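Below: entry_38.txt (compact mmCIF, N, CA and C atoms)
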# COMPACT_ATOMS: atom_id res chain seq x y z
N MET A 1 0.84 -1.18 0.00
CA MET A 1 0.00 0.00 0.00
C MET A 1 0.88 1.24 0.00
N ASN A 2 0.42 2.27 -0.68
CA ASN A 2 1.18 3.51 -0.79
C ASN A 2 0.82 4.41 0.39
N PHE A 3 1.68 4.42 1.41
CA PHE A 3 1.42 5.21 2.61
C PHE A 3 1.54 6.70 2.38
N GLN A 4 2.22 7.09 1.30
CA GLN A 4 2.38 8.51 1.01
C GLN A 4 1.03 9.17 0.73
N LYS A 5 0.10 8.41 0.16
CA LYS A 5 -1.23 8.95 -0.10
C LYS A 5 -2.00 9.22 1.19
N ILE A 6 -1.61 8.58 2.26
CA ILE A 6 -2.27 8.77 3.55
C ILE A 6 -1.50 9.77 4.41
N ILE A 7 -0.18 9.65 4.43
CA ILE A 7 0.64 10.46 5.32
C ILE A 7 0.63 11.94 4.95
N VAL A 8 0.68 12.26 3.66
CA VAL A 8 0.73 13.67 3.25
C VAL A 8 -0.54 14.43 3.65
N PRO A 9 -1.75 13.92 3.38
CA PRO A 9 -2.94 14.66 3.85
C PRO A 9 -3.03 14.74 5.38
N VAL A 10 -2.66 13.66 6.07
CA VAL A 10 -2.69 13.68 7.53
C VAL A 10 -1.70 14.72 8.06
N ALA A 11 -0.52 14.82 7.46
CA ALA A 11 0.46 15.82 7.88
C ALA A 11 -0.06 17.23 7.62
N GLY A 12 -0.77 17.43 6.50
CA GLY A 12 -1.35 18.74 6.23
C GLY A 12 -2.39 19.14 7.25
N VAL A 13 -3.27 18.21 7.59
CA VAL A 13 -4.30 18.48 8.61
C VAL A 13 -3.64 18.73 9.96
N ALA A 14 -2.63 17.94 10.29
CA ALA A 14 -1.92 18.12 11.56
C ALA A 14 -1.24 19.49 11.62
N ALA A 15 -0.68 19.94 10.50
CA ALA A 15 -0.04 21.26 10.47
C ALA A 15 -1.06 22.36 10.72
N VAL A 16 -2.25 22.23 10.12
CA VAL A 16 -3.29 23.24 10.33
C VAL A 16 -3.78 23.23 11.78
N VAL A 17 -3.96 22.03 12.34
CA VAL A 17 -4.42 21.93 13.73
C VAL A 17 -3.38 22.52 14.69
N LEU A 18 -2.11 22.17 14.48
CA LEU A 18 -1.06 22.72 15.34
C LEU A 18 -0.93 24.23 15.18
N ALA A 19 -1.10 24.72 13.96
CA ALA A 19 -1.04 26.17 13.74
C ALA A 19 -2.17 26.87 14.49
N TYR A 20 -3.35 26.27 14.49
CA TYR A 20 -4.48 26.85 15.24
C TYR A 20 -4.20 26.81 16.74
N ARG A 21 -3.64 25.70 17.18
CA ARG A 21 -3.37 25.52 18.62
C ARG A 21 -2.38 26.56 19.15
N PHE A 22 -1.33 26.84 18.36
CA PHE A 22 -0.29 27.75 18.84
C PHE A 22 -0.50 29.20 18.43
N TYR A 23 -1.13 29.47 17.27
CA TYR A 23 -1.21 30.85 16.78
C TYR A 23 -2.64 31.31 16.47
N GLY A 24 -3.62 30.46 16.69
CA GLY A 24 -5.00 30.86 16.43
C GLY A 24 -5.30 30.88 14.94
N TRP A 25 -6.27 31.74 14.58
CA TRP A 25 -6.69 31.79 13.18
C TRP A 25 -5.61 32.33 12.26
N ALA A 26 -4.72 33.16 12.76
CA ALA A 26 -3.61 33.66 11.94
C ALA A 26 -2.68 32.49 11.56
N GLY A 27 -2.49 31.57 12.49
CA GLY A 27 -1.68 30.39 12.20
C GLY A 27 -2.33 29.49 11.16
N VAL A 28 -3.67 29.35 11.25
CA VAL A 28 -4.40 28.56 10.26
C VAL A 28 -4.24 29.17 8.87
N ALA A 29 -4.35 30.51 8.80
CA ALA A 29 -4.19 31.19 7.52
C ALA A 29 -2.77 30.97 6.96
N ALA A 30 -1.78 31.07 7.81
CA ALA A 30 -0.40 30.87 7.36
C ALA A 30 -0.17 29.42 6.92
N ALA A 31 -0.63 28.46 7.71
CA ALA A 31 -0.44 27.05 7.36
C ALA A 31 -1.19 26.70 6.08
N ALA A 32 -2.41 27.19 5.93
CA ALA A 32 -3.18 26.94 4.71
C ALA A 32 -2.50 27.56 3.50
N SER A 33 -1.93 28.75 3.67
CA SER A 33 -1.21 29.41 2.57
C SER A 33 0.00 28.59 2.13
N VAL A 34 0.73 28.07 3.11
CA VAL A 34 1.90 27.24 2.80
C VAL A 34 1.48 25.97 2.07
N LEU A 35 0.42 25.34 2.53
CA LEU A 35 -0.06 24.11 1.88
C LEU A 35 -0.54 24.37 0.46
N VAL A 36 -1.26 25.46 0.25
CA VAL A 36 -1.73 25.80 -1.10
C VAL A 36 -0.54 26.11 -2.01
N MET A 37 0.46 26.80 -1.51
CA MET A 37 1.65 27.11 -2.31
C MET A 37 2.38 25.82 -2.70
N TRP A 38 2.48 24.89 -1.77
CA TRP A 38 3.14 23.60 -2.04
C TRP A 38 2.39 22.84 -3.14
N VAL A 39 1.06 22.82 -3.06
CA VAL A 39 0.26 22.13 -4.08
C VAL A 39 0.43 22.83 -5.44
N LEU A 40 0.43 24.15 -5.44
CA LEU A 40 0.58 24.89 -6.70
C LEU A 40 1.95 24.67 -7.32
N LEU A 41 3.00 24.57 -6.51
CA LEU A 41 4.33 24.30 -7.05
C LEU A 41 4.38 22.94 -7.73
N HIS A 42 3.79 21.93 -7.11
CA HIS A 42 3.77 20.60 -7.72
C HIS A 42 2.92 20.58 -8.98
N PHE A 43 1.79 21.27 -8.96
CA PHE A 43 0.93 21.33 -10.13
C PHE A 43 1.63 22.04 -11.29
N THR A 44 2.34 23.14 -10.98
CA THR A 44 3.06 23.88 -12.01
C THR A 44 4.17 23.03 -12.62
N ARG A 45 4.89 22.28 -11.80
CA ARG A 45 5.94 21.40 -12.31
C ARG A 45 5.36 20.34 -13.22
N MET A 46 4.24 19.74 -12.81
CA MET A 46 3.61 18.72 -13.63
C MET A 46 3.15 19.29 -14.97
N MET A 47 2.58 20.49 -14.97
CA MET A 47 2.12 21.11 -16.21
C MET A 47 3.30 21.44 -17.13
N GLN A 48 4.41 21.89 -16.57
CA GLN A 48 5.59 22.19 -17.39
C GLN A 48 6.14 20.92 -18.05
N VAL A 49 6.20 19.83 -17.29
CA VAL A 49 6.70 18.56 -17.84
C VAL A 49 5.79 18.09 -18.97
N LEU A 50 4.49 18.15 -18.75
CA LEU A 50 3.55 17.70 -19.77
C LEU A 50 3.53 18.63 -20.98
N LYS A 51 3.74 19.92 -20.77
CA LYS A 51 3.81 20.88 -21.87
C LYS A 51 5.01 20.59 -22.76
N ARG A 52 6.16 20.29 -22.15
CA ARG A 52 7.35 19.94 -22.94
C ARG A 52 7.15 18.62 -23.68
N ALA A 53 6.49 17.67 -23.02
CA ALA A 53 6.27 16.36 -23.63
C ALA A 53 5.26 16.43 -24.77
N ALA A 54 4.38 17.41 -24.76
CA ALA A 54 3.37 17.53 -25.80
C ALA A 54 3.97 17.90 -27.15
N ASN A 55 5.16 18.48 -27.16
CA ASN A 55 5.80 18.91 -28.39
C ASN A 55 6.69 17.84 -29.02
N ARG A 56 6.71 16.64 -28.46
CA ARG A 56 7.56 15.56 -28.98
C ARG A 56 6.71 14.36 -29.35
N PRO A 57 7.20 13.52 -30.25
CA PRO A 57 6.46 12.30 -30.59
C PRO A 57 6.37 11.35 -29.39
N ILE A 58 5.27 10.64 -29.29
CA ILE A 58 5.09 9.69 -28.19
C ILE A 58 6.08 8.55 -28.34
N GLY A 59 6.78 8.24 -27.27
CA GLY A 59 7.70 7.11 -27.25
C GLY A 59 9.06 7.40 -27.85
N TYR A 60 9.42 8.66 -28.08
CA TYR A 60 10.72 8.99 -28.66
C TYR A 60 11.64 9.59 -27.60
N VAL A 61 12.90 9.21 -27.67
CA VAL A 61 13.92 9.77 -26.79
C VAL A 61 15.18 10.00 -27.64
N ASP A 62 15.99 10.99 -27.28
CA ASP A 62 17.19 11.28 -28.06
C ASP A 62 18.18 10.12 -28.03
N SER A 63 18.42 9.53 -26.87
CA SER A 63 19.37 8.43 -26.74
C SER A 63 18.84 7.43 -25.71
N ALA A 64 18.52 6.25 -26.18
CA ALA A 64 18.02 5.21 -25.27
C ALA A 64 19.11 4.75 -24.32
N VAL A 65 20.35 4.74 -24.78
CA VAL A 65 21.46 4.30 -23.93
C VAL A 65 21.66 5.27 -22.76
N MET A 66 21.59 6.56 -23.04
CA MET A 66 21.75 7.55 -21.96
C MET A 66 20.56 7.50 -20.99
N LEU A 67 19.37 7.29 -21.53
CA LEU A 67 18.21 7.16 -20.65
C LEU A 67 18.37 5.96 -19.74
N ASN A 68 18.81 4.83 -20.29
CA ASN A 68 19.01 3.63 -19.49
C ASN A 68 20.03 3.87 -18.38
N ALA A 69 21.06 4.64 -18.67
CA ALA A 69 22.09 4.91 -17.66
C ALA A 69 21.56 5.79 -16.53
N LYS A 70 20.59 6.66 -16.82
CA LYS A 70 20.07 7.58 -15.82
C LYS A 70 18.94 7.00 -14.97
N LEU A 71 18.31 5.94 -15.44
CA LEU A 71 17.17 5.38 -14.72
C LEU A 71 17.59 4.66 -13.45
N LYS A 72 16.78 4.83 -12.42
CA LYS A 72 17.00 4.15 -11.15
C LYS A 72 15.66 3.66 -10.62
N PRO A 73 15.63 2.48 -10.02
CA PRO A 73 14.36 1.99 -9.46
C PRO A 73 13.80 2.96 -8.42
N GLY A 74 12.48 3.12 -8.44
CA GLY A 74 11.84 4.02 -7.50
C GLY A 74 11.52 5.39 -8.08
N MET A 75 12.04 5.70 -9.27
CA MET A 75 11.72 6.98 -9.91
C MET A 75 10.25 7.00 -10.29
N THR A 76 9.65 8.17 -10.23
CA THR A 76 8.25 8.29 -10.61
C THR A 76 8.13 8.43 -12.13
N LEU A 77 6.94 8.12 -12.63
CA LEU A 77 6.69 8.25 -14.06
C LEU A 77 6.86 9.70 -14.50
N LEU A 78 6.44 10.65 -13.67
CA LEU A 78 6.60 12.06 -14.01
C LEU A 78 8.08 12.43 -14.14
N HIS A 79 8.92 11.88 -13.28
CA HIS A 79 10.36 12.15 -13.36
C HIS A 79 10.95 11.59 -14.66
N VAL A 80 10.53 10.39 -15.05
CA VAL A 80 11.04 9.79 -16.28
C VAL A 80 10.55 10.58 -17.49
N VAL A 81 9.30 11.03 -17.48
CA VAL A 81 8.79 11.84 -18.58
C VAL A 81 9.55 13.16 -18.65
N ALA A 82 9.90 13.73 -17.51
CA ALA A 82 10.68 14.97 -17.49
C ALA A 82 12.07 14.74 -18.08
N MET A 83 12.68 13.58 -17.81
CA MET A 83 14.01 13.28 -18.36
C MET A 83 13.96 13.07 -19.87
N THR A 84 12.95 12.38 -20.36
CA THR A 84 12.85 12.07 -21.78
C THR A 84 12.22 13.19 -22.59
N ARG A 85 11.46 14.05 -21.92
CA ARG A 85 10.69 15.12 -22.56
C ARG A 85 9.71 14.57 -23.59
N ALA A 86 9.25 13.34 -23.34
CA ALA A 86 8.24 12.72 -24.20
C ALA A 86 7.47 11.69 -23.39
N LEU A 87 6.19 11.53 -23.73
CA LEU A 87 5.41 10.48 -23.10
C LEU A 87 5.87 9.14 -23.64
N GLY A 88 5.82 8.12 -22.82
CA GLY A 88 6.21 6.79 -23.26
C GLY A 88 5.08 6.13 -24.03
N LEU A 89 5.44 5.22 -24.92
CA LEU A 89 4.46 4.45 -25.68
C LEU A 89 3.98 3.31 -24.80
N LEU A 90 2.69 3.29 -24.48
CA LEU A 90 2.11 2.30 -23.58
C LEU A 90 2.14 0.92 -24.22
N GLN A 91 2.74 -0.05 -23.54
CA GLN A 91 2.85 -1.41 -24.05
C GLN A 91 1.88 -2.36 -23.36
N SER A 92 1.41 -2.01 -22.18
CA SER A 92 0.51 -2.88 -21.42
C SER A 92 -0.94 -2.46 -21.67
N ALA A 93 -1.86 -3.21 -21.12
CA ALA A 93 -3.27 -2.86 -21.23
C ALA A 93 -3.53 -1.58 -20.44
N LYS A 94 -4.45 -0.77 -20.94
CA LYS A 94 -4.73 0.51 -20.31
C LYS A 94 -5.35 0.31 -18.92
N ASN A 95 -4.91 1.12 -17.96
CA ASN A 95 -5.41 1.12 -16.57
C ASN A 95 -5.20 -0.21 -15.85
N GLU A 96 -4.15 -0.93 -16.17
CA GLU A 96 -3.81 -2.17 -15.46
C GLU A 96 -2.39 -2.07 -14.94
N GLN A 97 -2.15 -2.69 -13.80
CA GLN A 97 -0.82 -2.73 -13.21
C GLN A 97 -0.15 -4.04 -13.56
N PRO A 98 1.12 -4.10 -13.80
CA PRO A 98 2.05 -2.99 -13.93
C PRO A 98 1.89 -2.29 -15.28
N GLU A 99 2.26 -1.02 -15.31
CA GLU A 99 2.24 -0.26 -16.55
C GLU A 99 3.60 -0.38 -17.21
N ILE A 100 3.60 -0.66 -18.50
CA ILE A 100 4.85 -0.82 -19.25
C ILE A 100 4.88 0.23 -20.34
N PHE A 101 5.94 1.04 -20.34
CA PHE A 101 6.13 2.09 -21.34
C PHE A 101 7.45 1.86 -22.06
N ARG A 102 7.52 2.32 -23.32
CA ARG A 102 8.73 2.16 -24.12
C ARG A 102 9.10 3.50 -24.76
N TRP A 103 10.40 3.80 -24.71
CA TRP A 103 10.96 4.96 -25.40
C TRP A 103 12.00 4.45 -26.38
N THR A 104 11.93 4.92 -27.65
CA THR A 104 12.81 4.47 -28.72
C THR A 104 13.58 5.66 -29.27
N ASP A 105 14.84 5.43 -29.65
CA ASP A 105 15.63 6.51 -30.25
C ASP A 105 15.76 6.30 -31.76
N GLY A 106 16.55 7.12 -32.43
CA GLY A 106 16.69 7.07 -33.88
C GLY A 106 17.37 5.82 -34.40
N SER A 107 18.15 5.13 -33.58
CA SER A 107 18.87 3.93 -34.02
C SER A 107 18.08 2.66 -33.73
N GLU A 108 16.79 2.81 -33.40
CA GLU A 108 15.90 1.69 -33.08
C GLU A 108 16.26 0.98 -31.78
N SER A 109 17.13 1.56 -30.96
CA SER A 109 17.35 1.07 -29.60
C SER A 109 16.17 1.55 -28.77
N HIS A 110 15.76 0.75 -27.80
CA HIS A 110 14.65 1.20 -26.97
C HIS A 110 14.83 0.75 -25.53
N VAL A 111 14.22 1.52 -24.64
CA VAL A 111 14.20 1.22 -23.21
C VAL A 111 12.76 0.92 -22.84
N THR A 112 12.56 -0.24 -22.24
CA THR A 112 11.23 -0.63 -21.76
C THR A 112 11.22 -0.52 -20.25
N CYS A 113 10.29 0.29 -19.73
CA CYS A 113 10.20 0.55 -18.30
C CYS A 113 8.90 -0.01 -17.74
N THR A 114 9.01 -0.67 -16.60
CA THR A 114 7.84 -1.21 -15.90
C THR A 114 7.61 -0.39 -14.65
N PHE A 115 6.39 0.18 -14.55
CA PHE A 115 6.02 1.01 -13.41
C PHE A 115 4.94 0.30 -12.61
N VAL A 116 5.16 0.18 -11.31
CA VAL A 116 4.17 -0.40 -10.41
C VAL A 116 3.77 0.70 -9.43
N GLY A 117 2.52 1.09 -9.47
CA GLY A 117 2.04 2.15 -8.60
C GLY A 117 2.68 3.50 -8.90
N GLY A 118 3.05 3.74 -10.15
CA GLY A 118 3.64 5.00 -10.54
C GLY A 118 5.14 5.11 -10.30
N LYS A 119 5.74 4.06 -9.75
CA LYS A 119 7.19 4.06 -9.47
C LYS A 119 7.88 3.03 -10.38
N LEU A 120 9.08 3.37 -10.83
CA LEU A 120 9.84 2.50 -11.71
C LEU A 120 10.29 1.26 -10.94
N ALA A 121 9.87 0.10 -11.44
CA ALA A 121 10.25 -1.16 -10.80
C ALA A 121 11.38 -1.84 -11.57
N HIS A 122 11.35 -1.73 -12.90
CA HIS A 122 12.34 -2.44 -13.72
C HIS A 122 12.47 -1.71 -15.05
N HIS A 123 13.68 -1.69 -15.59
CA HIS A 123 13.89 -1.13 -16.92
C HIS A 123 14.88 -2.00 -17.68
N GLU A 124 14.71 -2.04 -18.99
CA GLU A 124 15.54 -2.91 -19.81
C GLU A 124 15.88 -2.21 -21.12
N LEU A 125 17.15 -2.27 -21.51
CA LEU A 125 17.62 -1.67 -22.75
C LEU A 125 17.72 -2.74 -23.82
N PHE A 126 17.23 -2.45 -25.03
CA PHE A 126 17.39 -3.33 -26.18
C PHE A 126 18.10 -2.55 -27.26
N ARG A 127 19.19 -3.14 -27.79
CA ARG A 127 19.93 -2.54 -28.89
C ARG A 127 19.93 -3.52 -30.05
N PRO A 128 19.54 -3.07 -31.25
CA PRO A 128 19.53 -3.99 -32.39
C PRO A 128 20.94 -4.38 -32.79
N ALA A 129 21.05 -5.57 -33.39
CA ALA A 129 22.35 -6.05 -33.84
C ALA A 129 22.86 -5.18 -34.98
N VAL A 130 24.15 -4.92 -34.97
CA VAL A 130 24.77 -4.11 -36.02
C VAL A 130 25.27 -5.05 -37.10
N THR A 131 24.90 -4.76 -38.33
CA THR A 131 25.37 -5.58 -39.46
C THR A 131 26.48 -4.84 -40.18
N ASP A 132 27.52 -5.57 -40.54
CA ASP A 132 28.64 -4.98 -41.30
C ASP A 132 28.41 -5.24 -42.77
N SER A 133 27.87 -4.26 -43.46
CA SER A 133 27.67 -4.36 -44.90
C SER A 133 28.14 -3.07 -45.54
N PRO A 134 28.62 -3.14 -46.78
CA PRO A 134 29.12 -1.92 -47.44
C PRO A 134 28.02 -0.87 -47.60
N GLU A 135 26.77 -1.31 -47.81
CA GLU A 135 25.69 -0.34 -47.98
C GLU A 135 25.41 0.41 -46.69
N ALA A 136 25.62 -0.25 -45.57
CA ALA A 136 25.36 0.37 -44.27
C ALA A 136 26.51 1.24 -43.79
N GLY A 137 27.58 1.31 -44.57
CA GLY A 137 28.70 2.15 -44.17
C GLY A 137 29.72 1.39 -43.36
N GLY A 138 29.57 0.09 -43.21
CA GLY A 138 30.52 -0.71 -42.47
C GLY A 138 31.74 -1.03 -43.31
N ALA A 139 32.69 -1.73 -42.75
CA ALA A 139 33.92 -2.09 -43.46
C ALA A 139 33.60 -3.18 -44.49
N ALA A 140 34.26 -3.10 -45.64
CA ALA A 140 34.07 -4.10 -46.69
C ALA A 140 34.74 -5.41 -46.27
N PRO A 141 34.14 -6.56 -46.63
CA PRO A 141 34.76 -7.83 -46.27
C PRO A 141 36.08 -8.01 -47.01
N PRO A 142 37.03 -8.71 -46.40
CA PRO A 142 38.34 -8.87 -47.05
C PRO A 142 38.20 -9.73 -48.32
N ALA A 143 38.98 -9.38 -49.32
CA ALA A 143 38.96 -10.13 -50.60
C ALA A 143 39.78 -11.41 -50.44
N PRO A 144 39.28 -12.52 -51.01
CA PRO A 144 40.02 -13.80 -50.91
C PRO A 144 41.21 -13.87 -51.81

Rewritten as structure tokens:
Amino acid sequence: MNFQKIIVPVAGVAAVVLAYRFYGWAGVAAAASVLVMWVLLHFTRMMQVLKRAANRPIGYVDSAVMLNAKLKPGMTLLHVVAMTRALGLLQSAKNEQPEIFRWTDGSESHVTCTFVGGKLAHHELFRPAVTDSPEAGGAAPPAP
């Protein structure tokens, strides 16, 4: 169970109650102002991340290898979207846990991320095999 969904509202109510206890209605006004500012800061950050992601193709990232190097278990989906500046391409069924998203770069490498409860549980990098052919710009095979 995600205790953060319970602890944060309880802490907010406790802050307002303690502010009333020690400073009266002026304390309630100050505590409520701080709580509203905190909510607005988080809302503004979320809107900025989504605004940047709206201008990019879904599931695209500049470098899948660099994204894989930066990912750590426990990161939130919002943090990963902020790093990639793009929404991930949903690979799992909609509204089911775990959620699986994929980001692909220009070389067809991709990172598949599994989110459980909005937190990164697992990520995996896939890189396509490189073929050595003259058409692809690779080295020519030696002549017999």

Please enclose the listed atoms of region 36-48 of chain A in an axis-aligned box, pad each side by 6 Å, and write out the centre and the three edge lengths in Å, rounded to one decimal, as JSON.
{"center_x": 2.2, "center_y": 22.9, "center_z": -8.9, "size_x": 19.9, "size_y": 20.4, "size_z": 30.3}

Shell of 8 Å around Arg85 (chain A), all atoms listed in the file, local chain residues under 6 positions omitted, as a ChimeraX atom specification: /A:49-57,59-62,79

Selected residue of minimal separation from His122 (chain A) among A:Ala15, A:Ala31, A:Met75, A:Leu90, counting only C-alpha atoms: A:Met75

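We find CA of Val10 (chain A) and CA of Phe43 (chain A) to be spaced 19.6 Å apart.
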
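Across the model, the gap from atom C of Ala14 (chain A) to atom N of Ala32 (chain A) is 9.6 Å.
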
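CA of Asn2 (chain A) lies 24.8 Å from atom N of Leu87 (chain A).
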
Could you add the missing atoms to region 38-48 of chain A, up to all heavy atoms, and return them as a PDB file, in the frame of the given file?
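Contents of rebuild-v4.pdb, freshly written:
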ATOM      1  N   TRP A  38       2.480  24.890  -1.770  1.00  0.00           N
ATOM      2  CA  TRP A  38       3.140  23.600  -2.040  1.00  0.00           C
ATOM      3  C   TRP A  38       2.390  22.840  -3.140  1.00  0.00           C
ATOM      4  O   TRP A  38       3.007  22.307  -4.057  1.00  0.00           O
ATOM      5  CB  TRP A  38       3.195  22.800  -0.739  1.00  0.00           C
ATOM      6  CG  TRP A  38       3.845  21.468  -0.869  1.00  0.00           C
ATOM      7  CD1 TRP A  38       5.188  21.209  -1.006  1.00  0.00           C
ATOM      8  CD2 TRP A  38       3.195  20.193  -0.865  1.00  0.00           C
ATOM      9  NE1 TRP A  38       5.392  19.856  -1.091  1.00  0.00           N
ATOM     10  CE2 TRP A  38       4.191  19.208  -1.005  1.00  0.00           C
ATOM     11  CE3 TRP A  38       1.868  19.797  -0.746  1.00  0.00           C
ATOM     12  CZ2 TRP A  38       3.893  17.856  -1.048  1.00  0.00           C
ATOM     13  CZ3 TRP A  38       1.577  18.452  -0.786  1.00  0.00           C
ATOM     14  CH2 TRP A  38       2.585  17.498  -0.934  1.00  0.00           C
ATOM     15  N   VAL A  39       1.060  22.820  -3.060  1.00  0.00           N
ATOM     16  CA  VAL A  39       0.260  22.130  -4.080  1.00  0.00           C
ATOM     17  C   VAL A  39       0.430  22.830  -5.440  1.00  0.00           C
ATOM     18  O   VAL A  39       0.570  22.168  -6.479  1.00  0.00           O
ATOM     19  CB  VAL A  39      -1.226  22.076  -3.657  1.00  0.00           C
ATOM     20  CG1 VAL A  39      -2.116  21.639  -4.806  1.00  0.00           C
ATOM     21  CG2 VAL A  39      -1.398  21.145  -2.478  1.00  0.00           C
ATOM     22  N   LEU A  40       0.430  24.150  -5.440  1.00  0.00           N
ATOM     23  CA  LEU A  40       0.580  24.890  -6.700  1.00  0.00           C
ATOM     24  C   LEU A  40       1.950  24.670  -7.320  1.00  0.00           C
ATOM     25  O   LEU A  40       2.069  24.593  -8.560  1.00  0.00           O
ATOM     26  CB  LEU A  40       0.334  26.384  -6.476  1.00  0.00           C
ATOM     27  CG  LEU A  40      -1.129  26.773  -6.238  1.00  0.00           C
ATOM     28  CD1 LEU A  40      -1.232  28.250  -5.888  1.00  0.00           C
ATOM     29  CD2 LEU A  40      -1.970  26.437  -7.452  1.00  0.00           C
ATOM     30  N   LEU A  41       3.000  24.570  -6.510  1.00  0.00           N
ATOM     31  CA  LEU A  41       4.330  24.300  -7.050  1.00  0.00           C
ATOM     32  C   LEU A  41       4.380  22.940  -7.730  1.00  0.00           C
ATOM     33  O   LEU A  41       4.942  22.799  -8.824  1.00  0.00           O
ATOM     34  CB  LEU A  41       5.386  24.375  -5.936  1.00  0.00           C
ATOM     35  CG  LEU A  41       5.755  25.766  -5.462  1.00  0.00           C
ATOM     36  CD1 LEU A  41       6.651  25.679  -4.235  1.00  0.00           C
ATOM     37  CD2 LEU A  41       6.450  26.530  -6.565  1.00  0.00           C
ATOM     38  N   HIS A  42       3.790  21.930  -7.110  1.00  0.00           N
ATOM     39  CA  HIS A  42       3.770  20.600  -7.720  1.00  0.00           C
ATOM     40  C   HIS A  42       2.920  20.580  -8.980  1.00  0.00           C
ATOM     41  O   HIS A  42       3.281  19.950  -9.977  1.00  0.00           O
ATOM     42  CB  HIS A  42       3.273  19.559  -6.713  1.00  0.00           C
ATOM     43  CG  HIS A  42       4.311  19.207  -5.700  1.00  0.00           C
ATOM     44  ND1 HIS A  42       5.337  18.344  -5.974  1.00  0.00           N
ATOM     45  CD2 HIS A  42       4.491  19.621  -4.434  1.00  0.00           C
ATOM     46  CE1 HIS A  42       6.109  18.232  -4.913  1.00  0.00           C
ATOM     47  NE2 HIS A  42       5.623  19.011  -3.961  1.00  0.00           N
ATOM     48  N   PHE A  43       1.790  21.270  -8.960  1.00  0.00           N
ATOM     49  CA  PHE A  43       0.930  21.330 -10.130  1.00  0.00           C
ATOM     50  C   PHE A  43       1.630  22.040 -11.290  1.00  0.00           C
ATOM     51  O   PHE A  43       1.575  21.591 -12.437  1.00  0.00           O
ATOM     52  CB  PHE A  43      -0.376  22.058  -9.778  1.00  0.00           C
ATOM     53  CG  PHE A  43      -1.336  22.135 -10.922  1.00  0.00           C
ATOM     54  CD1 PHE A  43      -2.088  21.030 -11.291  1.00  0.00           C
ATOM     55  CD2 PHE A  43      -1.491  23.314 -11.633  1.00  0.00           C
ATOM     56  CE1 PHE A  43      -2.973  21.100 -12.345  1.00  0.00           C
ATOM     57  CE2 PHE A  43      -2.371  23.390 -12.685  1.00  0.00           C
ATOM     58  CZ  PHE A  43      -3.117  22.282 -13.047  1.00  0.00           C
ATOM     59  N   THR A  44       2.340  23.140 -10.980  1.00  0.00           N
ATOM     60  CA  THR A  44       3.060  23.880 -12.010  1.00  0.00           C
ATOM     61  C   THR A  44       4.170  23.030 -12.620  1.00  0.00           C
ATOM     62  O   THR A  44       4.355  23.023 -13.840  1.00  0.00           O
ATOM     63  CB  THR A  44       3.652  25.175 -11.423  1.00  0.00           C
ATOM     64  OG1 THR A  44       2.591  25.937 -10.877  1.00  0.00           O
ATOM     65  CG2 THR A  44       4.391  25.977 -12.470  1.00  0.00           C
ATOM     66  N   ARG A  45       4.890  22.280 -11.800  1.00  0.00           N
ATOM     67  CA  ARG A  45       5.940  21.400 -12.310  1.00  0.00           C
ATOM     68  C   ARG A  45       5.360  20.340 -13.220  1.00  0.00           C
ATOM     69  O   ARG A  45       5.881  20.056 -14.296  1.00  0.00           O
ATOM     70  CB  ARG A  45       6.693  20.735 -11.167  1.00  0.00           C
ATOM     71  CG  ARG A  45       7.785  19.808 -11.668  1.00  0.00           C
ATOM     72  CD  ARG A  45       8.605  19.216 -10.528  1.00  0.00           C
ATOM     73  NE  ARG A  45       9.666  18.400 -11.063  1.00  0.00           N
ATOM     74  CZ  ARG A  45       9.569  17.089 -11.255  1.00  0.00           C
ATOM     75  NH1 ARG A  45       8.473  16.453 -10.963  1.00  0.00           N
ATOM     76  NH2 ARG A  45      10.584  16.412 -11.744  1.00  0.00           N
ATOM     77  N   MET A  46       4.240  19.740 -12.810  1.00  0.00           N
ATOM     78  CA  MET A  46       3.610  18.720 -13.630  1.00  0.00           C
ATOM     79  C   MET A  46       3.150  19.290 -14.970  1.00  0.00           C
ATOM     80  O   MET A  46       3.344  18.675 -16.028  1.00  0.00           O
ATOM     81  CB  MET A  46       2.420  18.111 -12.891  1.00  0.00           C
ATOM     82  CG  MET A  46       1.735  17.010 -13.658  1.00  0.00           C
ATOM     83  SD  MET A  46       0.350  16.293 -12.791  1.00  0.00           S
ATOM     84  CE  MET A  46      -0.783  17.655 -12.766  1.00  0.00           C
ATOM     85  N   MET A  47       2.580  20.490 -14.970  1.00  0.00           N
ATOM     86  CA  MET A  47       2.120  21.110 -16.210  1.00  0.00           C
ATOM     87  C   MET A  47       3.300  21.440 -17.130  1.00  0.00           C
ATOM     88  O   MET A  47       3.198  21.267 -18.352  1.00  0.00           O
ATOM     89  CB  MET A  47       1.324  22.381 -15.914  1.00  0.00           C
ATOM     90  CG  MET A  47      -0.042  22.119 -15.358  1.00  0.00           C
ATOM     91  SD  MET A  47      -1.107  21.323 -16.556  1.00  0.00           S
ATOM     92  CE  MET A  47      -1.301  19.722 -15.834  1.00  0.00           C
ATOM     93  N   GLN A  48       4.410  21.890 -16.570  1.00  0.00           N
ATOM     94  CA  GLN A  48       5.590  22.190 -17.390  1.00  0.00           C
ATOM     95  C   GLN A  48       6.140  20.920 -18.050  1.00  0.00           C
ATOM     96  O   GLN A  48       6.502  20.926 -19.223  1.00  0.00           O
ATOM     97  CB  GLN A  48       6.685  22.845 -16.552  1.00  0.00           C
ATOM     98  CG  GLN A  48       6.454  24.299 -16.280  1.00  0.00           C
ATOM     99  CD  GLN A  48       6.545  25.118 -17.548  1.00  0.00           C
ATOM    100  OE1 GLN A  48       5.574  25.259 -18.281  1.00  0.00           O
ATOM    101  NE2 GLN A  48       7.710  25.645 -17.812  1.00  0.00           N
TER     102      GLN A  48
END
